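Some notes on the structure that comes next.
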Amino acid sequence: MKCFNHATAEAVAVCAHCGRGLCADCSRTQTSSRIACSAECASALSRADESFHQLEVITRQLRDSARASAFYCYVCAGLSAAAAVVAWFLLPSTFLILFTSGCAVVLLLAGIWYGRGGGKRTT
Ligand SMILES: [Zn+2]
Ligand SMILES: [Zn+2]
């Protein structure tokens with residue numbers, strides 16, 4: 001393969017964006033860590049880097065929100081459990097006791113599920 005800019009020079013590298021060949025002179029003038037044949041390709045590469053960075057930020061935010069959801073579920077589970085205890089002592093209603101303790105169990109499981117989902121992405 002010949003250099004994209006110099007038809008006579010043998011390519012020693014390829015553009016990381018479009019895959020065109022670049023000779024030693026052309027690849028040496030690169031300022032970024034990845035080789036690009038032109039300013040357009042260089043900016044396209046940095047745009048790709050930018051969107052990858054944004055993806056990382058979104059992933060981090062999702063992880064944080066999963067953690068927040070887990071915390072919220074645990075709080076609600078605690079409140080439901082407390083309500084079940086209160087209902088047990090104050091209200092002679094089997095339905096209320098079952099309902100509130102059922103909510104506590106479901107919310108606790110949801111909290112664990114969210115917590116594990118948030119933890120999985122931490123690598
Ligand atoms: Zn290129
Ligand atoms: Zn060249």
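Each chain in the structure tokens gets a letter, A, B and so on, in the order shown; residues start at 1 in every chain, and ligands are counted from 1 in the order they appear.
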How close does each residue of chain A get to ligand 1, giving the shortest atom pair and distance in Å to one decimal for every residue with an atom at most 9 Å away, counting only C-alpha atoms and all ligand atoms, sorted by chain and residue number, as JSON lines?
{"residue": "A:Val14", "atom": "CA", "partner": "ligand 1", "partner_atom_place_in_ligand_line": "1 (Zn)", "distance": 8.0}
{"residue": "A:Cys15", "atom": "CA", "partner": "ligand 1", "partner_atom_place_in_ligand_line": "1 (Zn)", "distance": 4.7}
{"residue": "A:Ala16", "atom": "CA", "partner": "ligand 1", "partner_atom_place_in_ligand_line": "1 (Zn)", "distance": 6.6}
{"residue": "A:His17", "atom": "CA", "partner": "ligand 1", "partner_atom_place_in_ligand_line": "1 (Zn)", "distance": 5.0}
{"residue": "A:Cys18", "atom": "CA", "partner": "ligand 1", "partner_atom_place_in_ligand_line": "1 (Zn)", "distance": 4.1}
{"residue": "A:Gly19", "atom": "CA", "partner": "ligand 1", "partner_atom_place_in_ligand_line": "1 (Zn)", "distance": 6.0}
{"residue": "A:Arg20", "atom": "CA", "partner": "ligand 1", "partner_atom_place_in_ligand_line": "1 (Zn)", "distance": 5.7}
{"residue": "A:Gly21", "atom": "CA", "partner": "ligand 1", "partner_atom_place_in_ligand_line": "1 (Zn)", "distance": 8.5}
{"residue": "A:Ile35", "atom": "CA", "partner": "ligand 1", "partner_atom_place_in_ligand_line": "1 (Zn)", "distance": 8.3}
{"residue": "A:Ala36", "atom": "CA", "partner": "ligand 1", "partner_atom_place_in_ligand_line": "1 (Zn)", "distance": 5.1}
{"residue": "A:Cys37", "atom": "CA", "partner": "ligand 1", "partner_atom_place_in_ligand_line": "1 (Zn)", "distance": 4.2}
{"residue": "A:Ser38", "atom": "CA", "partner": "ligand 1", "partner_atom_place_in_ligand_line": "1 (Zn)", "distance": 5.7}
{"residue": "A:Ala39", "atom": "CA", "partner": "ligand 1", "partner_atom_place_in_ligand_line": "1 (Zn)", "distance": 8.3}
{"residue": "A:Glu40", "atom": "CA", "partner": "ligand 1", "partner_atom_place_in_ligand_line": "1 (Zn)", "distance": 7.3}
{"residue": "A:Cys41", "atom": "CA", "partner": "ligand 1", "partner_atom_place_in_ligand_line": "1 (Zn)", "distance": 4.6}
{"residue": "A:Ala42", "atom": "CA", "partner": "ligand 1", "partner_atom_place_in_ligand_line": "1 (Zn)", "distance": 7.4}
{"residue": "A:Ala44", "atom": "CA", "partner": "ligand 1", "partner_atom_place_in_ligand_line": "1 (Zn)", "distance": 8.9}
At a cut-off of 10 Å around ligand 2, and using only C-alpha atoms and all ligand atoms, what residues come up? Please write them as number ranges by chain.
A: 2-13, 21-29, 37
Keeping only C-alpha atoms, write those residues as an mmCIF file, in the first residue's frame.
data_model
loop_
_atom_site.group_PDB
_atom_site.id
_atom_site.type_symbol
_atom_site.label_atom_id
_atom_site.label_comp_id
_atom_site.auth_asym_id
_atom_site.auth_seq_id
_atom_site.Cartn_x
_atom_site.Cartn_y
_atom_site.Cartn_z
ATOM 1 C CA LYS A 2 1.206 3.518 -0.918
ATOM 2 C CA CYS A 3 0.790 6.695 1.127
ATOM 3 C CA PHE A 4 -2.474 8.574 0.540
ATOM 4 C CA ASN A 5 -0.612 11.903 0.273
ATOM 5 C CA HIS A 6 2.584 10.706 -1.437
ATOM 6 C CA ALA A 7 1.978 8.305 -4.312
ATOM 7 C CA THR A 8 5.600 7.123 -4.324
ATOM 8 C CA ALA A 9 6.116 6.571 -0.608
ATOM 9 C CA GLU A 10 5.290 3.222 0.970
ATOM 10 C CA ALA A 11 2.619 3.373 3.688
ATOM 11 C CA VAL A 12 3.811 2.489 7.188
ATOM 12 C CA ALA A 13 0.591 3.362 9.010
ATOM 13 C CA GLY A 21 -2.303 4.468 4.000
ATOM 14 C CA LEU A 22 0.204 6.961 5.415
ATOM 15 C CA CYS A 23 3.972 7.089 4.941
ATOM 16 C CA ALA A 24 6.482 7.619 7.725
ATOM 17 C CA ASP A 25 6.542 11.400 7.113
ATOM 18 C CA CYS A 26 2.738 11.721 7.220
ATOM 19 C CA SER A 27 2.248 9.560 10.310
ATOM 20 C CA ARG A 28 5.059 11.392 12.121
ATOM 21 C CA THR A 29 3.254 14.743 11.924
ATOM 22 C CA CYS A 37 -4.744 11.101 7.307
#
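Restricting the calculation to only C-alpha atoms, the smallest distance between A:Ala82 and any of A:Ile112, A:Ile58, A:Ala104, A:Ala48 is found for A:Ala104.
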If you run DSSP over the backbone, which residues in chain A end up helix (DSSP H, G or I)? Put them as a ChimeraX atom specification.
/A:24-28,39-90,94-120
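Backbone DSSP over chain A gives strand (DSSP E) for A:Ala13, A:Val14, A:Gly21, A:Leu22.
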Could you turn the residues from that selection into a file that holds all heavy atoms, as a short mmCIF file (atom, residue, chain, number, x, y, z; two decimals), in the first residue's frame?
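Contents of result_35.cif, as written:
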data_model
loop_
_atom_site.label_atom_id
_atom_site.label_comp_id
_atom_site.auth_asym_id
_atom_site.auth_seq_id
_atom_site.Cartn_x
_atom_site.Cartn_y
_atom_site.Cartn_z
N ALA A 13 1.68 3.28 8.03
CA ALA A 13 0.59 3.36 9.01
C ALA A 13 -0.71 3.59 8.26
O ALA A 13 -0.70 3.94 7.07
CB ALA A 13 0.84 4.51 9.99
N VAL A 14 -1.83 3.38 8.92
CA VAL A 14 -3.12 3.65 8.30
C VAL A 14 -3.91 4.62 9.17
O VAL A 14 -3.75 4.66 10.39
CB VAL A 14 -3.96 2.36 8.09
CG1 VAL A 14 -3.41 1.52 6.97
CG2 VAL A 14 -4.06 1.58 9.38
N GLY A 21 -3.69 4.67 3.65
CA GLY A 21 -2.30 4.47 4.00
C GLY A 21 -1.57 5.78 4.21
O GLY A 21 -1.85 6.79 3.57
N LEU A 22 -0.61 5.77 5.14
CA LEU A 22 0.20 6.96 5.41
C LEU A 22 1.67 6.55 5.49
O LEU A 22 2.00 5.53 6.11
CB LEU A 22 -0.22 7.60 6.75
CG LEU A 22 -1.62 8.21 6.79
CD1 LEU A 22 -2.00 8.54 8.21
CD2 LEU A 22 -1.70 9.45 5.92
#
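The spacing separating atom CA of A:Val106 from atom CA of A:Ala83 amounts to 14.3 Å.
For A:Gly78, the list of residues within 12 Å, based on only C-alpha atoms and with local chain neighbours fewer than 2 positions off taken out, reads A:Phe71, A:Tyr72, A:Cys73, A:Tyr74, A:Val75, A:Cys76, A:Ser80, A:Ala81, A:Ala82, A:Ala83, A:Ala84, A:Val85, A:Thr100, A:Ser101, A:Gly102, A:Cys103, A:Ala104, A:Val105, A:Val106, A:Leu107, A:Leu108, A:Gly111.
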Among the residues A:Leu79, A:Leu109, A:Leu45, A:Gly115, the one that comes closest to A:Leu62 [using only C-alpha atoms]
A:Gly115
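Atom CA of A:Ser65 is positioned 12.6 Å from atom CA of A:Arg116.
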In Å, rounded to a single decimal, give me how far atom CA of A:Glu50 is from atom CA of A:Ser69.
28.4 Å
